[in-house]
$ cat upload.tsv   # TSV, C-alpha atoms
chain	number	residue	atom	x	y	z
A	1	MET	CA	100.99	74.41	149.02
A	2	ASN	CA	103.46	73.22	146.46
A	3	LEU	CA	105.32	69.92	146.54
A	4	GLU	CA	108.36	71.36	148.33
A	5	GLU	CA	106.21	72.98	151.04
A	6	ASP	CA	104.23	69.73	151.47
A	7	TYR	CA	107.49	67.82	151.88
A	8	LYS	CA	108.83	70.29	154.46
A	9	ARG	CA	105.53	70.23	156.37
A	10	GLY	CA	105.66	66.41	156.44
A	11	ILE	CA	109.17	66.53	157.89
A	12	ASP	CA	108.06	69.12	160.48
A	13	CYS	CA	105.08	66.95	161.48
A	14	GLY	CA	107.42	63.98	161.86
A	15	ARG	CA	109.64	66.03	164.14
A	16	LEU	CA	106.65	67.18	166.17
A	17	ALA	CA	105.55	63.55	166.65
A	18	ALA	CA	109.07	62.58	167.73
A	19	TYR	CA	109.24	65.42	170.26
A	20	LEU	CA	105.80	64.56	171.65
A	21	ASP	CA	106.77	60.86	171.83
A	22	ARG	CA	110.00	61.49	173.75
A	23	ARG	CA	109.81	64.86	175.52
A	24	GLY	CA	106.15	65.72	175.54
A	25	SER	CA	102.64	64.61	176.23
A	26	VAL	CA	99.34	64.18	174.45
A	27	SER	CA	96.48	64.49	176.89
A	28	ILE	CA	92.86	65.31	177.54
A	29	ARG	CA	92.73	68.00	180.20
A	30	ARG	CA	89.95	68.99	182.52
A	31	ILE	CA	89.06	72.67	182.37
A	32	THR	CA	87.93	73.93	185.74
A	33	ARG	CA	86.30	77.15	186.82
A	34	LYS	CA	85.38	78.39	190.27
A	35	SER	CA	81.98	76.76	189.81
A	36	GLY	CA	83.54	73.34	189.13
A	37	ILE	CA	84.44	71.31	186.06
A	38	TYR	CA	83.75	73.31	182.92
A	39	GLY	CA	84.71	70.74	180.31
A	40	TYR	CA	87.57	68.86	178.66
A	41	THR	CA	90.00	69.67	175.85
A	42	LEU	CA	92.96	68.26	173.95
A	43	TYR	CA	96.34	69.43	175.17
A	44	LEU	CA	99.80	68.93	173.65
A	45	GLN	CA	102.96	69.89	175.53
A	46	VAL	CA	106.71	69.60	174.95
A	47	GLY	CA	109.28	70.54	177.57
A	48	SER	CA	112.98	71.02	176.96
A	49	SER	CA	116.06	72.60	178.44
A	50	LYS	CA	116.73	73.95	174.94
A	51	ARG	CA	114.99	77.27	174.30
A	52	GLU	CA	115.58	76.91	170.54
A	53	LEU	CA	113.33	73.84	170.39
A	54	VAL	CA	110.42	75.64	172.04
A	55	GLU	CA	110.89	78.66	169.78
A	56	TRP	CA	110.93	76.36	166.70
A	57	LEU	CA	107.70	74.64	167.81
A	58	LYS	CA	105.97	77.98	168.38
A	59	ALA	CA	107.17	79.38	165.04
A	60	ASN	CA	106.10	76.31	163.06
A	61	PHE	CA	102.89	75.25	164.84
A	62	GLY	CA	101.66	78.24	166.87
A	63	GLY	CA	100.59	77.71	170.43
A	64	ASN	CA	102.19	79.09	173.57
A	65	ALA	CA	105.75	79.14	174.87
A	66	SER	CA	106.98	79.76	178.39
A	67	TYR	CA	110.52	80.11	179.66
A	68	GLU	CA	111.65	80.00	183.26
A	69	HIS	CA	114.80	79.54	185.30
A	70	MET	CA	114.79	77.52	188.50
A	71	LEU	CA	117.25	76.14	191.00
A	72	LYS	CA	117.54	72.38	190.90
A	73	GLY	CA	119.58	69.84	192.78
A	74	GLY	CA	120.58	69.13	196.32
A	75	TRP	CA	123.65	70.79	197.73
A	76	SER	CA	124.91	72.01	194.32
A	77	LYS	CA	121.82	74.12	193.47
A	78	LYS	CA	122.38	74.38	189.72
A	79	LEU	CA	120.41	76.91	187.72
A	80	TYR	CA	118.13	75.03	185.37
A	81	GLU	CA	116.28	76.44	182.36
A	82	ARG	CA	112.80	75.01	181.75
A	83	ASN	CA	111.15	75.81	178.44
A	84	VAL	CA	107.66	74.59	177.58
A	85	TRP	CA	105.57	74.72	174.41
A	86	ASN	CA	101.87	73.86	174.44
A	87	ILE	CA	98.81	74.04	172.26
A	88	SER	CA	95.24	73.00	172.92
A	89	GLY	CA	91.78	72.65	171.45
A	90	GLN	CA	91.03	72.63	167.73
A	91	LYS	CA	94.62	73.51	166.77
A	92	ALA	CA	95.94	70.57	168.81
A	93	TYR	CA	93.45	68.29	167.07
A	94	GLU	CA	94.52	69.50	163.63
A	95	LEU	CA	98.19	68.89	164.47
A	96	LEU	CA	97.47	65.38	165.73
A	97	VAL	CA	95.55	64.50	162.57
A	98	GLU	CA	98.34	65.90	160.42
A	99	SER	CA	101.14	64.08	162.28
A	100	ARG	CA	99.46	60.87	163.54
A	101	GLU	CA	101.24	58.55	161.10
A	102	PHE	CA	104.63	59.51	162.61
A	103	PHE	CA	103.90	58.58	166.24
A	104	ILE	CA	105.46	55.43	167.68
A	105	GLU	CA	105.17	55.38	171.48
A	106	GLU	CA	102.06	57.55	171.77
A	107	LYS	CA	100.15	56.07	168.79
A	108	GLU	CA	97.32	54.65	170.95
A	109	ARG	CA	96.90	57.89	172.93
A	110	VAL	CA	96.90	59.94	169.72
A	111	ALA	CA	94.19	57.74	168.18
A	112	LEU	CA	92.06	58.08	171.32
A	113	ALA	CA	92.64	61.85	171.47
A	114	ILE	CA	91.51	62.24	167.85
A	115	GLU	CA	88.46	60.06	168.50
A	116	PHE	CA	87.64	62.11	171.63
A	117	TRP	CA	87.75	65.37	169.68
A	118	GLU	CA	85.70	64.09	166.76
A	119	ASN	CA	83.03	62.53	168.99
A	120	THR	CA	82.70	65.40	171.46
A	121	LYS	CA	84.22	68.74	170.54
A	122	GLY	CA	84.08	68.30	166.79
A	123	LEU	CA	80.38	67.54	166.98
A	124	TYR	CA	79.84	70.44	169.38
A	125	LEU	CA	81.62	72.87	167.04
A	126	LYS	CA	79.45	71.75	164.10
A	127	LEU	CA	76.14	71.96	165.96
A	128	ARG	CA	77.09	74.85	168.30
A	129	THR	CA	75.16	73.12	171.06
A	130	LYS	CA	75.84	70.31	173.48
A	131	LEU	CA	73.76	67.19	173.11
A	132	LYS	CA	72.18	65.29	175.99
A	133	GLY	CA	74.87	63.24	177.72
A	134	HIS	CA	77.71	65.27	176.15
A	135	GLU	CA	79.43	66.00	179.47
A	136	GLN	CA	79.25	62.33	180.47
A	137	LEU	CA	80.82	61.27	177.16
A	138	GLU	CA	83.66	63.75	177.66
A	139	LYS	CA	84.26	62.43	181.18
A	140	GLU	CA	84.29	58.82	179.93
A	141	TYR	CA	86.98	59.67	177.37
A	142	TRP	CA	88.99	61.47	180.05
A	143	GLU	CA	88.82	58.45	182.37
A	144	LEU	CA	89.80	56.11	179.52
A	145	PHE	CA	92.69	58.38	178.58
A	146	LYS	CA	93.99	58.40	182.16
A	147	SER	CA	94.12	54.59	182.12
A	148	LEU	CA	96.52	54.44	179.15

$ encode --input "upload.tsv" --output "C-alpha coordinates"
Amino acid sequence: MNLEEDYKRGIDCGRLAAYLDRRGSVSIRRITRKSGIYGYTLYLQVGSSKRELVEWLKANFGGNASYEHMLKGGWSKKLYERNVWNISGQKAYELLVESREFFIEEKERVALAIEFWENTKGLYLKLRTKLKGHEQLEKEYWELFKSL
(Lines of atoms letter the chains of each structure in order from A and count residues from 1; the text may use other names and numbers.)
(Lines give C-alpha, C1' and ligand atoms only; values in the text may rest on other atoms or scores of the structure.)
Protein backbone atom coordinates (compact mmCIF):
# COMPACT_ATOMS: atom_id res chain seq x y z
CA MET A 1 0.00 0.00 0.00
CA ASN A 2 1.11 3.52 -0.60
CA LEU A 3 0.76 6.42 1.83
CA GLU A 4 -2.57 7.57 0.39
CA GLU A 5 -4.07 4.06 0.60
CA ASP A 6 -2.77 3.66 4.17
CA TYR A 7 -4.39 6.97 5.11
CA LYS A 8 -7.72 5.99 3.54
CA ARG A 9 -7.63 2.57 5.24
CA GLY A 10 -6.99 4.28 8.59
CA ILE A 11 -10.02 6.51 8.07
CA ASP A 12 -12.14 3.48 7.08
CA CYS A 13 -11.01 1.59 10.20
CA GLY A 14 -11.93 4.61 12.32
CA ARG A 15 -15.38 4.64 10.76
CA LEU A 16 -15.78 0.91 11.35
CA ALA A 17 -14.90 1.37 15.03
CA ALA A 18 -17.40 4.23 15.33
CA TYR A 19 -20.18 2.16 13.74
CA LEU A 20 -19.41 -0.82 15.97
CA ASP A 21 -19.31 1.46 19.04
CA ARG A 22 -22.69 3.07 18.32
CA ARG A 23 -24.74 0.78 16.07
CA GLY A 24 -23.07 -2.57 16.34
CA SER A 25 -21.64 -5.23 18.55
CA VAL A 26 -18.37 -7.03 19.16
CA SER A 27 -19.02 -10.45 20.61
CA ILE A 28 -17.88 -14.01 21.13
CA ARG A 29 -20.58 -16.31 19.81
CA ARG A 30 -21.30 -19.91 20.58
CA ILE A 31 -21.46 -22.14 17.52
CA THR A 32 -23.96 -24.93 18.01
CA ARG A 33 -24.67 -28.05 16.03
CA LYS A 34 -27.34 -30.69 16.50
CA SER A 35 -24.89 -32.59 18.70
CA GLY A 36 -24.43 -29.59 21.03
CA ILE A 37 -21.92 -26.77 21.41
CA TYR A 38 -19.34 -26.95 18.64
CA GLY A 39 -17.13 -24.04 19.65
CA TYR A 40 -16.84 -20.27 19.89
CA THR A 41 -15.89 -17.52 17.44
CA LEU A 42 -15.53 -13.77 17.13
CA TYR A 43 -18.51 -11.99 15.64
CA LEU A 44 -18.90 -8.36 14.54
CA GLN A 45 -22.27 -6.93 13.54
CA VAL A 46 -23.64 -3.52 12.53
CA GLY A 47 -27.33 -2.87 11.99
CA SER A 48 -28.81 0.18 10.31
CA SER A 49 -31.93 1.43 8.63
CA LYS A 50 -29.61 2.78 5.92
CA ARG A 51 -28.86 0.21 3.23
CA GLU A 52 -25.95 2.33 1.95
CA LEU A 53 -24.05 1.86 5.23
CA VAL A 54 -24.32 -1.93 5.07
CA GLU A 55 -23.27 -1.94 1.42
CA TRP A 56 -20.26 0.29 2.26
CA LEU A 57 -19.19 -2.05 5.09
CA LYS A 58 -19.45 -5.11 2.84
CA ALA A 59 -17.55 -3.41 0.00
CA ASN A 60 -14.74 -2.19 2.26
CA PHE A 61 -14.37 -5.05 4.75
CA GLY A 62 -16.04 -8.12 3.23
CA GLY A 63 -18.37 -10.18 5.35
CA ASN A 64 -22.08 -10.70 4.88
CA ALA A 65 -25.00 -8.34 4.35
CA SER A 66 -28.70 -8.99 4.80
CA TYR A 67 -31.64 -6.75 3.99
CA GLU A 68 -35.21 -7.21 5.15
CA HIS A 69 -38.43 -5.25 5.46
CA MET A 70 -40.69 -5.67 8.46
CA LEU A 71 -43.75 -4.06 9.95
CA LYS A 72 -43.06 -2.19 13.16
CA GLY A 73 -45.17 -0.18 15.54
CA GLY A 74 -48.50 -0.46 17.24
CA TRP A 75 -51.57 0.77 15.46
CA SER A 76 -49.61 2.63 12.74
CA LYS A 77 -47.75 -0.45 11.42
CA LYS A 78 -44.95 1.38 9.60
CA LEU A 79 -42.78 -0.52 7.15
CA TYR A 80 -39.27 -0.65 8.55
CA GLU A 81 -36.10 -1.57 6.67
CA ARG A 82 -33.52 -3.56 8.66
CA ASN A 83 -30.07 -3.93 7.16
CA VAL A 84 -27.32 -5.91 8.87
CA TRP A 85 -23.64 -6.42 8.12
CA ASN A 86 -21.60 -9.09 9.92
CA ILE A 87 -18.26 -10.79 9.77
CA SER A 88 -16.77 -13.51 11.93
CA GLY A 89 -13.71 -15.61 12.63
CA GLN A 90 -10.21 -14.74 11.44
CA LYS A 91 -11.42 -11.81 9.32
CA ALA A 92 -13.21 -10.29 12.31
CA TYR A 93 -10.02 -10.66 14.36
CA GLU A 94 -7.94 -8.94 11.68
CA LEU A 95 -10.39 -6.03 11.52
CA LEU A 96 -10.37 -5.63 15.30
CA VAL A 97 -6.57 -5.56 15.40
CA GLU A 98 -6.48 -3.03 12.58
CA SER A 99 -9.10 -0.71 14.13
CA ARG A 100 -8.65 -1.22 17.89
CA GLU A 101 -7.05 2.18 18.52
CA PHE A 102 -10.23 3.93 17.32
CA PHE A 103 -12.71 2.31 19.72
CA ILE A 104 -14.08 4.35 22.61
CA GLU A 105 -17.10 2.63 24.19
CA GLU A 106 -16.19 -0.93 23.24
CA LYS A 107 -12.43 -0.68 23.94
CA GLU A 108 -12.51 -3.24 26.80
CA ARG A 109 -14.60 -5.74 24.81
CA VAL A 110 -12.32 -5.35 21.78
CA ALA A 111 -9.21 -6.01 23.88
CA LEU A 112 -10.82 -9.13 25.37
CA ALA A 113 -12.00 -10.32 21.93
CA ILE A 114 -8.48 -9.97 20.53
CA GLU A 115 -7.03 -11.79 23.55
CA PHE A 116 -9.63 -14.57 23.15
CA TRP A 117 -8.72 -15.09 19.51
CA GLU A 118 -4.97 -15.06 20.09
CA ASN A 119 -5.16 -17.45 23.05
CA THR A 120 -7.63 -19.91 21.55
CA LYS A 121 -8.31 -19.74 17.83
CA GLY A 122 -5.01 -18.19 16.83
CA LEU A 123 -3.13 -20.95 18.60
CA TYR A 124 -5.45 -23.57 17.10
CA LEU A 125 -4.88 -22.23 13.57
CA LYS A 126 -1.09 -22.36 14.04
CA LEU A 127 -1.00 -25.88 15.48
CA ARG A 128 -4.03 -27.26 13.56
CA THR A 129 -5.00 -29.19 16.66
CA LYS A 130 -6.81 -28.39 19.88
CA LEU A 131 -4.82 -28.61 23.07
CA LYS A 132 -6.03 -30.23 26.28
CA GLY A 133 -8.44 -27.85 28.00
CA HIS A 134 -8.98 -25.78 24.83
CA GLU A 135 -12.78 -26.00 24.97
CA GLN A 136 -12.79 -24.98 28.64
CA LEU A 137 -10.61 -21.95 27.88
CA GLU A 138 -12.98 -20.88 25.10
CA LYS A 139 -15.96 -21.22 27.44
CA GLU A 140 -14.21 -19.17 30.14
CA TYR A 141 -13.61 -16.33 27.67
CA TRP A 142 -17.24 -16.52 26.54
CA GLU A 143 -18.48 -16.29 30.14
CA LEU A 144 -16.13 -13.37 30.85
CA PHE A 145 -17.28 -11.61 27.69
CA LYS A 146 -20.94 -11.97 28.68
CA SER A 147 -20.20 -10.23 31.99
CA LEU A 148 -18.92 -7.04 30.32

$ residues_around --input "upload.tsv" --residues "range 91-93 of chain A" --least-positions-apart "5" --cutoff "9 Å" --atoms "all atoms listed in the file" --output "PyMOL selection string"
chain A and resi 42-44+61-63+86+98+113-114+117-118

$ closest_residue --input "upload.tsv" --among "A:Ile28, A:Val110, A:Ile11, A:Val54" --to "Glu81 in chain A" --atoms "only C-alpha atoms"
A:Val54

$ closest_residue --input "upload.tsv" --among "A:Ala111, A:Met70, A:Val97, A:Val26" --to "Val46 in chain A" --atoms "all atoms listed in the file"
A:Val26

$ closest_residue --input "upload.tsv" --among "A:Lys107, A:Lys139, A:Lys58, A:Lys50" --to "Tyr80 in chain A" --atoms "only C-alpha atoms"
A:Lys50

$ closest_residue --input "upload.tsv" --among "A:Asp6, A:Glu68, A:Glu55, A:Glu140" --to "Leu112 in chain A" --atoms "only C-alpha atoms"
A:Glu140

$ closest_residue --input "upload.tsv" --among "A:Trp56, A:Tyr67, A:Tyr40, A:Tyr141" --to "Arg15 in chain A" --atoms "only C-alpha atoms"
A:Trp56

$ atom_distance --input "upload.tsv" --atom1 "CA of Leu16 in chain A" --atom2 "CA of Glu138 in chain A"
25.9 Å

$ closest_residue --input "upload.tsv" --among "A:Phe103, A:Gln136, A:Glu108, A:Leu144" --to "Ala18 in chain A" --atoms "all atoms listed in the file"
A:Phe103

$ atom_distance --input "upload.tsv" --atom1 "CA of Glu5 in chain A" --atom2 "CA of Glu105 in chain A"
27.0 Å

$ atom_distance --input "upload.tsv" --atom1 "CA of Leu3 in chain A" --atom2 "CA of Glu52 in chain A"
27.0 Å
